[in-house]
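What follows is my_file.txt (compact mmCIF, N, CA and C atoms).
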# COMPACT_ATOMS: atom_id res chain seq x y z
N MET O 1 0.84 -1.17 0.00
CA MET O 1 0.00 0.00 0.00
C MET O 1 0.89 1.24 0.00
N ASN O 2 0.64 2.14 -0.90
CA ASN O 2 1.42 3.36 -1.03
C ASN O 2 0.63 4.54 -0.48
N VAL O 3 1.25 5.26 0.47
CA VAL O 3 0.59 6.36 1.18
C VAL O 3 1.41 7.63 1.04
N LEU O 4 0.75 8.72 0.68
CA LEU O 4 1.40 10.03 0.57
C LEU O 4 0.71 11.00 1.51
N PHE O 5 1.49 11.59 2.44
CA PHE O 5 0.98 12.63 3.33
C PHE O 5 1.28 13.98 2.71
N VAL O 6 0.32 14.91 2.83
CA VAL O 6 0.47 16.22 2.19
C VAL O 6 0.12 17.33 3.17
N CYS O 7 0.98 18.36 3.20
CA CYS O 7 0.68 19.59 3.92
C CYS O 7 1.13 20.76 3.05
N HIS O 8 1.15 21.95 3.60
CA HIS O 8 1.47 23.12 2.77
C HIS O 8 2.91 23.09 2.27
N GLY O 9 3.88 22.94 3.18
CA GLY O 9 5.28 23.07 2.78
C GLY O 9 6.12 21.81 2.82
N ASN O 10 5.59 20.73 3.41
CA ASN O 10 6.31 19.46 3.53
C ASN O 10 7.55 19.58 4.42
N ILE O 11 7.44 20.42 5.46
CA ILE O 11 8.54 20.52 6.42
C ILE O 11 8.09 20.27 7.86
N CYS O 12 6.78 20.20 8.11
CA CYS O 12 6.28 19.97 9.48
C CYS O 12 5.31 18.79 9.52
N ARG O 13 4.05 19.05 9.19
CA ARG O 13 3.00 18.05 9.41
C ARG O 13 3.13 16.82 8.51
N SER O 14 3.34 16.99 7.22
CA SER O 14 3.38 15.80 6.36
C SER O 14 4.60 14.92 6.63
N PRO O 15 5.80 15.48 6.88
CA PRO O 15 6.88 14.56 7.25
C PRO O 15 6.63 13.89 8.61
N MET O 16 5.94 14.59 9.52
CA MET O 16 5.58 13.94 10.78
C MET O 16 4.68 12.75 10.47
N GLY O 17 3.71 12.92 9.58
CA GLY O 17 2.84 11.82 9.19
C GLY O 17 3.63 10.68 8.57
N GLU O 18 4.54 11.02 7.67
CA GLU O 18 5.36 10.01 7.00
C GLU O 18 6.11 9.15 8.01
N PHE O 19 6.80 9.79 8.94
CA PHE O 19 7.66 9.03 9.85
C PHE O 19 6.89 8.41 11.01
N ILE O 20 5.79 8.99 11.42
CA ILE O 20 4.95 8.35 12.44
C ILE O 20 4.33 7.08 11.87
N LEU O 21 3.78 7.15 10.65
CA LEU O 21 3.19 5.95 10.07
C LEU O 21 4.26 4.89 9.83
N LYS O 22 5.44 5.29 9.38
CA LYS O 22 6.52 4.32 9.20
C LYS O 22 6.85 3.63 10.52
N ALA O 23 6.87 4.38 11.61
CA ALA O 23 7.16 3.79 12.92
C ALA O 23 6.05 2.83 13.35
N LEU O 24 4.81 3.21 13.11
CA LEU O 24 3.69 2.35 13.49
C LEU O 24 3.68 1.04 12.71
N VAL O 25 3.90 1.10 11.40
CA VAL O 25 3.87 -0.14 10.62
C VAL O 25 5.09 -1.01 10.93
N LYS O 26 6.21 -0.37 11.25
CA LYS O 26 7.38 -1.15 11.65
C LYS O 26 7.10 -1.88 12.96
N ALA O 27 6.47 -1.20 13.91
CA ALA O 27 6.14 -1.81 15.21
C ALA O 27 5.17 -2.98 15.03
N LYS O 28 4.33 -2.93 14.01
CA LYS O 28 3.39 -4.02 13.74
C LYS O 28 4.03 -5.11 12.88
N GLY O 29 5.26 -4.88 12.41
CA GLY O 29 5.95 -5.87 11.61
C GLY O 29 5.44 -5.98 10.18
N CYS O 30 4.81 -4.92 9.70
CA CYS O 30 4.26 -4.99 8.33
C CYS O 30 4.80 -3.87 7.44
N GLU O 31 5.99 -3.35 7.76
CA GLU O 31 6.54 -2.25 6.97
C GLU O 31 6.80 -2.62 5.51
N ALA O 32 7.04 -3.90 5.24
CA ALA O 32 7.28 -4.32 3.85
C ALA O 32 6.03 -4.17 2.99
N GLN O 33 4.88 -4.06 3.61
CA GLN O 33 3.62 -3.93 2.86
C GLN O 33 3.27 -2.47 2.56
N TYR O 34 4.10 -1.53 3.02
CA TYR O 34 3.81 -0.11 2.87
C TYR O 34 4.96 0.61 2.19
N TYR O 35 4.60 1.60 1.38
CA TYR O 35 5.55 2.59 0.87
C TYR O 35 4.96 3.93 1.27
N ILE O 36 5.70 4.72 2.04
CA ILE O 36 5.16 5.94 2.63
C ILE O 36 6.08 7.11 2.31
N GLU O 37 5.48 8.21 1.85
CA GLU O 37 6.20 9.43 1.51
C GLU O 37 5.40 10.62 1.98
N SER O 38 5.98 11.82 1.79
CA SER O 38 5.25 13.05 2.06
C SER O 38 5.64 14.10 1.03
N ALA O 39 4.73 15.08 0.85
CA ALA O 39 4.95 16.13 -0.15
C ALA O 39 4.15 17.37 0.25
N ALA O 40 4.30 18.42 -0.55
CA ALA O 40 3.66 19.71 -0.29
C ALA O 40 2.74 20.10 -1.43
N VAL O 41 1.75 20.93 -1.10
CA VAL O 41 0.92 21.50 -2.17
C VAL O 41 1.57 22.76 -2.73
N SER O 42 2.52 23.35 -2.01
CA SER O 42 3.23 24.53 -2.51
C SER O 42 4.67 24.16 -2.85
N ALA O 43 5.33 25.05 -3.57
CA ALA O 43 6.73 24.82 -3.93
C ALA O 43 7.68 25.65 -3.08
N GLU O 44 7.15 26.44 -2.15
CA GLU O 44 7.99 27.42 -1.45
C GLU O 44 9.07 26.81 -0.57
N GLU O 45 8.90 25.60 -0.08
CA GLU O 45 9.91 24.97 0.78
C GLU O 45 10.70 23.87 0.06
N THR O 46 10.48 23.70 -1.24
CA THR O 46 11.13 22.63 -2.00
C THR O 46 12.64 22.61 -1.73
N GLY O 47 13.12 21.43 -1.38
CA GLY O 47 14.55 21.24 -1.11
C GLY O 47 14.96 21.49 0.32
N ASN O 48 14.06 22.04 1.13
CA ASN O 48 14.39 22.31 2.53
C ASN O 48 14.19 21.06 3.39
N PRO O 49 14.98 20.93 4.46
CA PRO O 49 14.83 19.78 5.36
C PRO O 49 13.61 19.94 6.26
N ILE O 50 13.32 18.89 7.02
CA ILE O 50 12.26 18.95 8.02
C ILE O 50 12.60 20.08 9.00
N TYR O 51 11.60 20.87 9.33
CA TYR O 51 11.77 22.02 10.22
C TYR O 51 12.32 21.55 11.57
N PRO O 52 13.36 22.20 12.11
CA PRO O 52 14.00 21.71 13.34
C PRO O 52 13.05 21.42 14.51
N PRO O 53 12.05 22.26 14.82
CA PRO O 53 11.15 21.88 15.92
C PRO O 53 10.36 20.60 15.64
N ALA O 54 10.03 20.33 14.39
CA ALA O 54 9.34 19.08 14.05
C ALA O 54 10.29 17.90 14.26
N ARG O 55 11.55 18.08 13.90
CA ARG O 55 12.55 17.04 14.11
C ARG O 55 12.71 16.74 15.60
N ARG O 56 12.76 17.82 16.40
CA ARG O 56 12.90 17.65 17.86
C ARG O 56 11.70 16.90 18.43
N CYS O 57 10.51 17.25 17.97
CA CYS O 57 9.30 16.60 18.49
C CYS O 57 9.31 15.10 18.15
N LEU O 58 9.65 14.77 16.92
CA LEU O 58 9.72 13.37 16.53
C LEU O 58 10.75 12.64 17.41
N SER O 59 11.91 13.25 17.59
CA SER O 59 12.97 12.63 18.42
C SER O 59 12.52 12.44 19.85
N GLN O 60 11.82 13.44 20.42
CA GLN O 60 11.35 13.34 21.80
C GLN O 60 10.39 12.17 21.98
N HIS O 61 9.70 11.79 20.91
CA HIS O 61 8.77 10.66 20.98
C HIS O 61 9.41 9.36 20.50
N GLY O 62 10.71 9.40 20.21
CA GLY O 62 11.40 8.20 19.77
C GLY O 62 11.06 7.76 18.37
N VAL O 63 10.59 8.70 17.55
CA VAL O 63 10.23 8.38 16.17
C VAL O 63 11.42 8.70 15.27
N TRP O 64 11.96 7.67 14.63
CA TRP O 64 13.07 7.86 13.71
C TRP O 64 12.58 8.63 12.48
N PHE O 65 13.44 9.51 11.97
CA PHE O 65 13.16 10.20 10.71
C PHE O 65 14.46 10.24 9.92
N ASP O 66 14.33 10.34 8.62
CA ASP O 66 15.48 10.42 7.73
C ASP O 66 15.96 11.87 7.71
N PRO O 67 17.15 12.15 8.24
CA PRO O 67 17.64 13.53 8.26
C PRO O 67 17.88 14.10 6.86
N ALA O 68 17.95 13.23 5.87
CA ALA O 68 18.15 13.68 4.49
C ALA O 68 16.84 14.03 3.78
N LYS O 69 15.71 13.81 4.45
CA LYS O 69 14.40 14.12 3.86
C LYS O 69 14.33 15.61 3.53
N THR O 70 13.94 15.91 2.29
CA THR O 70 13.73 17.31 1.89
C THR O 70 12.35 17.46 1.26
N ALA O 71 11.84 18.67 1.33
CA ALA O 71 10.50 18.96 0.83
C ALA O 71 10.44 18.84 -0.69
N ARG O 72 9.30 18.33 -1.14
CA ARG O 72 9.00 18.28 -2.57
C ARG O 72 7.53 18.62 -2.76
N GLN O 73 7.19 19.03 -3.97
CA GLN O 73 5.81 19.36 -4.27
C GLN O 73 5.10 18.14 -4.88
N VAL O 74 3.81 18.01 -4.58
CA VAL O 74 2.98 16.98 -5.19
C VAL O 74 2.96 17.20 -6.70
N THR O 75 2.92 16.11 -7.46
CA THR O 75 2.79 16.20 -8.92
C THR O 75 1.55 15.41 -9.34
N PRO O 76 1.00 15.71 -10.50
CA PRO O 76 -0.15 14.93 -10.97
C PRO O 76 0.12 13.43 -11.04
N SER O 77 1.37 13.03 -11.32
CA SER O 77 1.69 11.60 -11.42
C SER O 77 1.61 10.89 -10.07
N ASP O 78 1.63 11.65 -8.96
CA ASP O 78 1.49 11.03 -7.65
C ASP O 78 0.15 10.31 -7.51
N TYR O 79 -0.85 10.76 -8.25
CA TYR O 79 -2.16 10.11 -8.15
C TYR O 79 -2.07 8.64 -8.57
N GLN O 80 -1.28 8.36 -9.57
CA GLN O 80 -1.13 6.97 -10.02
C GLN O 80 -0.20 6.18 -9.11
N ARG O 81 0.76 6.85 -8.49
CA ARG O 81 1.76 6.17 -7.65
C ARG O 81 1.25 5.79 -6.27
N PHE O 82 0.23 6.51 -5.76
CA PHE O 82 -0.20 6.30 -4.39
C PHE O 82 -1.64 5.83 -4.30
N ASP O 83 -1.90 4.94 -3.32
CA ASP O 83 -3.24 4.43 -3.06
C ASP O 83 -4.05 5.40 -2.20
N HIS O 84 -3.34 6.12 -1.33
CA HIS O 84 -3.98 7.08 -0.43
C HIS O 84 -3.15 8.35 -0.40
N ILE O 85 -3.81 9.48 -0.59
CA ILE O 85 -3.17 10.79 -0.51
C ILE O 85 -3.89 11.52 0.63
N ILE O 86 -3.16 11.77 1.71
CA ILE O 86 -3.77 12.24 2.94
C ILE O 86 -3.35 13.68 3.22
N CYS O 87 -4.32 14.58 3.14
CA CYS O 87 -4.09 16.01 3.37
C CYS O 87 -4.29 16.36 4.84
N MET O 88 -3.47 17.27 5.33
CA MET O 88 -3.53 17.64 6.74
C MET O 88 -4.65 18.63 7.07
N ASP O 89 -5.09 19.41 6.09
CA ASP O 89 -6.18 20.35 6.38
C ASP O 89 -6.98 20.68 5.13
N ALA O 90 -8.08 21.39 5.34
CA ALA O 90 -8.99 21.73 4.24
C ALA O 90 -8.32 22.61 3.19
N SER O 91 -7.43 23.49 3.61
CA SER O 91 -6.71 24.32 2.66
C SER O 91 -5.81 23.47 1.76
N ASN O 92 -5.12 22.49 2.35
CA ASN O 92 -4.29 21.57 1.56
C ASN O 92 -5.14 20.83 0.55
N LEU O 93 -6.33 20.43 0.97
CA LEU O 93 -7.23 19.70 0.09
C LEU O 93 -7.66 20.57 -1.09
N ARG O 94 -7.99 21.84 -0.82
CA ARG O 94 -8.38 22.75 -1.91
C ARG O 94 -7.23 22.93 -2.90
N LEU O 95 -6.02 23.15 -2.38
CA LEU O 95 -4.87 23.33 -3.26
C LEU O 95 -4.53 22.04 -4.00
N MET O 96 -4.75 20.90 -3.36
CA MET O 96 -4.52 19.60 -4.00
C MET O 96 -5.41 19.46 -5.23
N ARG O 97 -6.64 19.95 -5.15
CA ARG O 97 -7.59 19.86 -6.27
C ARG O 97 -7.10 20.64 -7.49
N ARG O 98 -6.20 21.60 -7.29
CA ARG O 98 -5.60 22.32 -8.43
C ARG O 98 -4.53 21.46 -9.12
N ILE O 99 -3.83 20.68 -8.31
CA ILE O 99 -2.75 19.82 -8.85
C ILE O 99 -3.34 18.53 -9.42
N ILE O 100 -4.27 17.95 -8.67
CA ILE O 100 -4.95 16.71 -9.08
C ILE O 100 -6.45 17.01 -9.04
N PRO O 101 -6.99 17.53 -10.15
CA PRO O 101 -8.39 17.99 -10.14
C PRO O 101 -9.43 16.88 -10.03
N GLN O 102 -9.11 15.69 -10.47
CA GLN O 102 -10.06 14.58 -10.45
C GLN O 102 -9.59 13.51 -9.47
N ASP O 103 -10.54 12.93 -8.75
CA ASP O 103 -10.23 11.85 -7.81
C ASP O 103 -11.23 10.71 -8.03
N PRO O 104 -11.21 10.10 -9.23
CA PRO O 104 -12.20 9.07 -9.54
C PRO O 104 -12.11 7.83 -8.66
N GLU O 105 -10.94 7.58 -8.08
CA GLU O 105 -10.76 6.39 -7.26
C GLU O 105 -10.91 6.67 -5.76
N GLY O 106 -11.23 7.90 -5.40
CA GLY O 106 -11.43 8.24 -3.99
C GLY O 106 -10.18 8.08 -3.14
N LYS O 107 -9.04 8.49 -3.67
CA LYS O 107 -7.77 8.32 -2.98
C LYS O 107 -7.43 9.47 -2.03
N ILE O 108 -8.02 10.64 -2.25
CA ILE O 108 -7.63 11.84 -1.51
C ILE O 108 -8.54 12.01 -0.29
N HIS O 109 -7.89 12.12 0.89
CA HIS O 109 -8.62 12.18 2.16
C HIS O 109 -8.07 13.30 3.04
N LEU O 110 -8.89 13.75 3.98
CA LEU O 110 -8.40 14.59 5.07
C LEU O 110 -7.91 13.67 6.18
N MET O 111 -6.79 14.00 6.77
CA MET O 111 -6.17 13.15 7.79
C MET O 111 -7.12 12.76 8.92
N MET O 112 -7.78 13.74 9.50
CA MET O 112 -8.59 13.44 10.68
C MET O 112 -9.88 12.72 10.34
N SER O 113 -10.21 12.59 9.07
CA SER O 113 -11.41 11.85 8.68
C SER O 113 -11.30 10.38 9.09
N PHE O 114 -10.08 9.85 9.14
CA PHE O 114 -9.90 8.46 9.56
C PHE O 114 -10.27 8.28 11.03
N ALA O 115 -10.15 9.38 11.80
CA ALA O 115 -10.50 9.34 13.23
C ALA O 115 -11.93 9.83 13.45
N GLY O 116 -12.70 9.94 12.37
CA GLY O 116 -14.10 10.32 12.48
C GLY O 116 -14.32 11.80 12.74
N SER O 117 -13.36 12.63 12.37
CA SER O 117 -13.46 14.07 12.62
C SER O 117 -13.28 14.86 11.33
N SER O 118 -13.91 16.02 11.27
CA SER O 118 -13.73 16.89 10.09
C SER O 118 -12.75 18.02 10.39
N ARG O 119 -12.13 18.00 11.56
CA ARG O 119 -11.21 19.09 11.91
C ARG O 119 -9.85 18.91 11.21
N ASP O 120 -9.13 20.03 11.14
CA ASP O 120 -7.80 20.03 10.55
C ASP O 120 -6.78 19.54 11.57
N VAL O 121 -5.66 19.02 11.08
CA VAL O 121 -4.50 18.75 11.93
C VAL O 121 -3.93 20.11 12.31
N ALA O 122 -3.67 20.33 13.59
CA ALA O 122 -3.13 21.60 14.06
C ALA O 122 -1.85 21.95 13.29
N ASP O 123 -1.75 23.21 12.86
CA ASP O 123 -0.58 23.65 12.09
C ASP O 123 0.43 24.32 13.00
N PRO O 124 1.54 23.66 13.31
CA PRO O 124 2.51 24.21 14.25
C PRO O 124 3.31 25.39 13.68
N TRP O 125 3.24 25.58 12.38
CA TRP O 125 3.95 26.71 11.77
C TRP O 125 3.43 28.01 12.38
N TYR O 126 2.14 28.04 12.68
CA TYR O 126 1.51 29.24 13.23
C TYR O 126 1.42 29.22 14.74
N THR O 127 1.25 28.03 15.33
CA THR O 127 1.03 27.94 16.78
C THR O 127 2.32 27.69 17.56
N GLY O 128 3.31 27.08 16.91
CA GLY O 128 4.53 26.68 17.61
C GLY O 128 4.32 25.47 18.50
N ASP O 129 3.11 24.90 18.46
CA ASP O 129 2.75 23.77 19.33
C ASP O 129 2.90 22.45 18.56
N PHE O 130 4.10 21.95 18.53
CA PHE O 130 4.39 20.73 17.78
C PHE O 130 3.84 19.49 18.47
N GLU O 131 3.68 19.56 19.78
CA GLU O 131 3.14 18.42 20.52
C GLU O 131 1.68 18.16 20.13
N THR O 132 0.87 19.20 20.03
CA THR O 132 -0.53 19.02 19.61
C THR O 132 -0.57 18.44 18.21
N THR O 133 0.28 18.94 17.33
CA THR O 133 0.35 18.41 15.97
C THR O 133 0.73 16.94 15.99
N PHE O 134 1.74 16.59 16.77
CA PHE O 134 2.16 15.19 16.87
C PHE O 134 0.99 14.32 17.29
N GLN O 135 0.26 14.74 18.32
CA GLN O 135 -0.86 13.94 18.82
C GLN O 135 -1.96 13.82 17.77
N ASP O 136 -2.25 14.89 17.03
CA ASP O 136 -3.23 14.83 15.94
C ASP O 136 -2.80 13.82 14.88
N VAL O 137 -1.55 13.92 14.46
CA VAL O 137 -1.04 13.03 13.40
C VAL O 137 -1.02 11.59 13.89
N LEU O 138 -0.60 11.38 15.11
CA LEU O 138 -0.59 10.03 15.67
C LEU O 138 -2.01 9.45 15.69
N GLU O 139 -2.97 10.24 16.15
CA GLU O 139 -4.37 9.79 16.18
C GLU O 139 -4.85 9.44 14.77
N GLY O 140 -4.54 10.29 13.79
CA GLY O 140 -4.95 10.02 12.41
C GLY O 140 -4.28 8.78 11.83
N CYS O 141 -2.99 8.62 12.11
CA CYS O 141 -2.26 7.44 11.60
C CYS O 141 -2.78 6.15 12.23
N GLU O 142 -3.02 6.17 13.53
CA GLU O 142 -3.55 4.97 14.19
C GLU O 142 -4.92 4.61 13.62
N ALA O 143 -5.76 5.61 13.41
CA ALA O 143 -7.10 5.37 12.85
C ALA O 143 -6.98 4.86 11.40
N PHE O 144 -6.05 5.41 10.63
CA PHE O 144 -5.80 4.95 9.27
C PHE O 144 -5.45 3.46 9.28
N LEU O 145 -4.54 3.06 10.18
CA LEU O 145 -4.12 1.66 10.24
C LEU O 145 -5.26 0.73 10.66
N LYS O 146 -6.14 1.20 11.52
CA LYS O 146 -7.28 0.37 11.90
C LYS O 146 -8.17 0.12 10.69
N THR O 147 -8.22 1.07 9.79
CA THR O 147 -9.04 0.94 8.59
C THR O 147 -8.33 0.13 7.50
N TYR O 148 -7.02 0.37 7.32
CA TYR O 148 -6.32 -0.19 6.16
C TYR O 148 -5.19 -1.16 6.47
N ASN O 149 -5.00 -1.54 7.71
CA ASN O 149 -3.94 -2.49 8.02
C ASN O 149 -4.30 -3.85 7.41
N PRO O 150 -3.42 -4.39 6.57
CA PRO O 150 -3.72 -5.67 5.93
C PRO O 150 -3.71 -6.86 6.90
N ARG O 151 -3.25 -6.66 8.11
CA ARG O 151 -3.21 -7.77 9.09
C ARG O 151 -4.48 -7.85 9.87
Rewritten as structure tokens:
Amino acid sequence: MNVLFVCHGNICRSPMGEFILKALVKAKGCEAQYYIESAAVSAEETGNPIYPPARRCLSQHGVWFDPAKTARQVTPSDYQRFDHIICMDASNLRLMRRIIPQDPEGKIHLMMSFAGSSRDVADPWYTGDFETTFQDVLEGCEAFLKTYNPR
């Protein structure tokens, strides 16, 4: 199963999603069944690493991340490459519709929808609260796995 997490810049929330889900599937022993990446709806952070406070938050929770990870923008071809494209908020979803205007296979989702909520994942870029974001992403990833875990 191929999963793509998406946020505005691909330096905070979507890489947190990428590495939290990787940690969860590894803990379940099913990482070989998943390919997980993250990307941005904007190009403004392209090539930049994960934002240092996001890196610190992941480390504080014992979540491994690839220090070489850099931001990239979503492309139309990602629709064919991924089974699930998970947006962190409604704004990301609107911008995603400009890049991938059609979703005939129902692949594009809001992150918190897996947890039965229509709310956005908290954006730490504005709040500075990376812990709340971590907890939102963790809740969404756990709910995603309950829905789509092949085991």
Restricting to only C-alpha atoms, whichever of O:Asp83, O:Asp129, O:Glu142, O:Asp89 is closest to Gly106 in chain O is O:Asp83
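Note that CA of Phe130 in chain O and CA of Arg55 in chain O are 9.7 Å apart.
Each of O:Ile50, O:Ile20, O:Val6, O:Leu95 was checked against Leu138 in chain O using only N, CA and C atoms; the smallest atom-to-atom distance is that of O:Ile20.
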Could you tell me, as JSON, numbers by chain, which residues of chain O DSSP assigns to helix (DSSP H, G or I) when given the backbone?
{"O": [13, 14, 15, 16, 17, 18, 19, 20, 21, 22, 23, 24, 25, 26, 27, 31, 32, 33, 52, 53, 54, 55, 56, 57, 58, 59, 60, 78, 79, 80, 81, 90, 91, 92, 93, 94, 95, 96, 97, 98, 99, 111, 112, 113, 114, 115, 124, 125, 126, 127, 130, 131, 132, 133, 134, 135, 136, 137, 138, 139, 140, 141, 142, 143, 144, 145, 146, 147, 148]}
From a backbone DSSP assignment, name each residue in range 2-111 of chain O labelled strand (DSSP E), as a VMD selection string.
chain O and resid 2 to 7 35 to 40 84 to 87 108 to 110
Write the residues you've just listed into a file as a PDB file, in the frame of the given file, and include N, CA and C atoms for each of them.
ATOM      1  N   ASN O   2       0.640   2.140  -0.900  1.00  0.00           N
ATOM      2  CA  ASN O   2       1.420   3.360  -1.030  1.00  0.00           C
ATOM      3  C   ASN O   2       0.630   4.540  -0.480  1.00  0.00           C
ATOM      4  N   VAL O   3       1.250   5.260   0.470  1.00  0.00           N
ATOM      5  CA  VAL O   3       0.590   6.360   1.180  1.00  0.00           C
ATOM      6  C   VAL O   3       1.410   7.630   1.040  1.00  0.00           C
ATOM      7  N   LEU O   4       0.750   8.720   0.680  1.00  0.00           N
ATOM      8  CA  LEU O   4       1.400  10.030   0.570  1.00  0.00           C
ATOM      9  C   LEU O   4       0.710  11.000   1.510  1.00  0.00           C
ATOM     10  N   PHE O   5       1.490  11.590   2.440  1.00  0.00           N
ATOM     11  CA  PHE O   5       0.980  12.630   3.330  1.00  0.00           C
ATOM     12  C   PHE O   5       1.280  13.980   2.710  1.00  0.00           C
ATOM     13  N   VAL O   6       0.320  14.910   2.830  1.00  0.00           N
ATOM     14  CA  VAL O   6       0.470  16.220   2.190  1.00  0.00           C
ATOM     15  C   VAL O   6       0.120  17.330   3.170  1.00  0.00           C
ATOM     16  N   CYS O   7       0.980  18.360   3.200  1.00  0.00           N
ATOM     17  CA  CYS O   7       0.680  19.590   3.920  1.00  0.00           C
ATOM     18  C   CYS O   7       1.130  20.760   3.050  1.00  0.00           C
ATOM     19  N   TYR O  35       4.600   1.600   1.380  1.00  0.00           N
ATOM     20  CA  TYR O  35       5.550   2.590   0.870  1.00  0.00           C
ATOM     21  C   TYR O  35       4.960   3.930   1.270  1.00  0.00           C
ATOM     22  N   ILE O  36       5.700   4.720   2.040  1.00  0.00           N
ATOM     23  CA  ILE O  36       5.160   5.940   2.630  1.00  0.00           C
ATOM     24  C   ILE O  36       6.080   7.110   2.310  1.00  0.00           C
ATOM     25  N   GLU O  37       5.480   8.210   1.850  1.00  0.00           N
ATOM     26  CA  GLU O  37       6.200   9.430   1.510  1.00  0.00           C
ATOM     27  C   GLU O  37       5.400  10.620   1.980  1.00  0.00           C
ATOM     28  N   SER O  38       5.980  11.820   1.790  1.00  0.00           N
ATOM     29  CA  SER O  38       5.250  13.050   2.060  1.00  0.00           C
ATOM     30  C   SER O  38       5.640  14.100   1.030  1.00  0.00           C
ATOM     31  N   ALA O  39       4.730  15.080   0.850  1.00  0.00           N
ATOM     32  CA  ALA O  39       4.950  16.130  -0.150  1.00  0.00           C
ATOM     33  C   ALA O  39       4.150  17.370   0.250  1.00  0.00           C
ATOM     34  N   ALA O  40       4.300  18.420  -0.550  1.00  0.00           N
ATOM     35  CA  ALA O  40       3.660  19.710  -0.290  1.00  0.00           C
ATOM     36  C   ALA O  40       2.740  20.100  -1.430  1.00  0.00           C
ATOM     37  N   HIS O  84      -3.340   6.120  -1.330  1.00  0.00           N
ATOM     38  CA  HIS O  84      -3.980   7.080  -0.430  1.00  0.00           C
ATOM     39  C   HIS O  84      -3.150   8.350  -0.400  1.00  0.00           C
ATOM     40  N   ILE O  85      -3.810   9.480  -0.590  1.00  0.00           N
ATOM     41  CA  ILE O  85      -3.170  10.790  -0.510  1.00  0.00           C
ATOM     42  C   ILE O  85      -3.890  11.520   0.630  1.00  0.00           C
ATOM     43  N   ILE O  86      -3.160  11.770   1.710  1.00  0.00           N
ATOM     44  CA  ILE O  86      -3.770  12.240   2.940  1.00  0.00           C
ATOM     45  C   ILE O  86      -3.350  13.680   3.220  1.00  0.00           C
ATOM     46  N   CYS O  87      -4.320  14.580   3.140  1.00  0.00           N
ATOM     47  CA  CYS O  87      -4.090  16.010   3.370  1.00  0.00           C
ATOM     48  C   CYS O  87      -4.290  16.360   4.840  1.00  0.00           C
ATOM     49  N   ILE O 108      -8.020  10.640  -2.250  1.00  0.00           N
ATOM     50  CA  ILE O 108      -7.630  11.840  -1.510  1.00  0.00           C
ATOM     51  C   ILE O 108      -8.540  12.010  -0.290  1.00  0.00           C
ATOM     52  N   HIS O 109      -7.890  12.120   0.890  1.00  0.00           N
ATOM     53  CA  HIS O 109      -8.620  12.180   2.160  1.00  0.00           C
ATOM     54  C   HIS O 109      -8.070  13.300   3.040  1.00  0.00           C
ATOM     55  N   LEU O 110      -8.890  13.750   3.980  1.00  0.00           N
ATOM     56  CA  LEU O 110      -8.400  14.590   5.070  1.00  0.00           C
ATOM     57  C   LEU O 110      -7.910  13.670   6.180  1.00  0.00           C
TER      58      LEU O 110
END
Residues near range 7-9 of chain O, cut-off 7 Å, all atoms listed in the file, skip fewer than 6 positions along chain, as a PyMOL selection string
chain O and resi 15+38-46+71-72+86-89+92
Selected residues written out with N, CA and C atoms, as a tab-separated table (two decimals), in the frame of the given file:
chain	number	residue	atom	x	y	z
O	15	PRO	N	5.80	15.48	6.88
O	15	PRO	CA	6.88	14.56	7.25
O	15	PRO	C	6.63	13.89	8.61
O	38	SER	N	5.98	11.82	1.79
O	38	SER	CA	5.25	13.05	2.06
O	38	SER	C	5.64	14.10	1.03
O	39	ALA	N	4.73	15.08	0.85
O	39	ALA	CA	4.95	16.13	-0.15
O	39	ALA	C	4.15	17.37	0.25
O	40	ALA	N	4.30	18.42	-0.55
O	40	ALA	CA	3.66	19.71	-0.29
O	40	ALA	C	2.74	20.10	-1.43
O	41	VAL	N	1.75	20.93	-1.10
O	41	VAL	CA	0.92	21.50	-2.17
O	41	VAL	C	1.57	22.76	-2.73
O	42	SER	N	2.52	23.35	-2.01
O	42	SER	CA	3.23	24.53	-2.51
O	42	SER	C	4.67	24.16	-2.85
O	43	ALA	N	5.33	25.05	-3.57
O	43	ALA	CA	6.73	24.82	-3.93
O	43	ALA	C	7.68	25.65	-3.08
O	44	GLU	N	7.15	26.44	-2.15
O	44	GLU	CA	7.99	27.42	-1.45
O	44	GLU	C	9.07	26.81	-0.57
O	45	GLU	N	8.90	25.60	-0.08
O	45	GLU	CA	9.91	24.97	0.78
O	45	GLU	C	10.70	23.87	0.06
O	46	THR	N	10.48	23.70	-1.24
O	46	THR	CA	11.13	22.63	-2.00
O	46	THR	C	12.64	22.61	-1.73
O	71	ALA	N	11.84	18.67	1.33
O	71	ALA	CA	10.50	18.96	0.83
O	71	ALA	C	10.44	18.84	-0.69
O	72	ARG	N	9.30	18.33	-1.14
O	72	ARG	CA	9.00	18.28	-2.57
O	72	ARG	C	7.53	18.62	-2.76
O	86	ILE	N	-3.16	11.77	1.71
O	86	ILE	CA	-3.77	12.24	2.94
O	86	ILE	C	-3.35	13.68	3.22
O	87	CYS	N	-4.32	14.58	3.14
O	87	CYS	CA	-4.09	16.01	3.37
O	87	CYS	C	-4.29	16.36	4.84
O	88	MET	N	-3.47	17.27	5.33
O	88	MET	CA	-3.53	17.64	6.74
O	88	MET	C	-4.65	18.63	7.07
O	89	ASP	N	-5.09	19.41	6.09
O	89	ASP	CA	-6.18	20.35	6.38
O	89	ASP	C	-6.98	20.68	5.13
O	92	ASN	N	-5.12	22.49	2.35
O	92	ASN	CA	-4.29	21.57	1.56
O	92	ASN	C	-5.14	20.83	0.55
Report, in Å with one decimal, the straight-line distance from CA of Ile85 in chain O to atom N of Asn48 in chain O.
20.6 Å
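Proximity ranking of O:Met1, O:Ala90, O:Ile100, O:Ala54 relative to Gln33 in chain O places O:Met1 first, based on all atoms listed in the file.
The coordinates place atom C of Cys57 in chain O at 17.9 Å from atom N of Phe5 in chain O.
Considering the residues O:Val121, O:Ile99, O:Val63, O:Ala115 and counting all atoms listed in the file, Thr133 in chain O has its shortest atom-to-atom contact with O:Val121.
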Residue with smallest distance to Leu4 in chain O - pool O:Ile36, O:Cys30, O:Ile108, O:Val74, counting only C-alpha atoms:
O:Ile36
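Distance check against Ser59 in chain O using only C-alpha atoms: of O:Glu131, O:Glu105, O:Glu31, O:Glu139, the minimum falls on O:Glu131.
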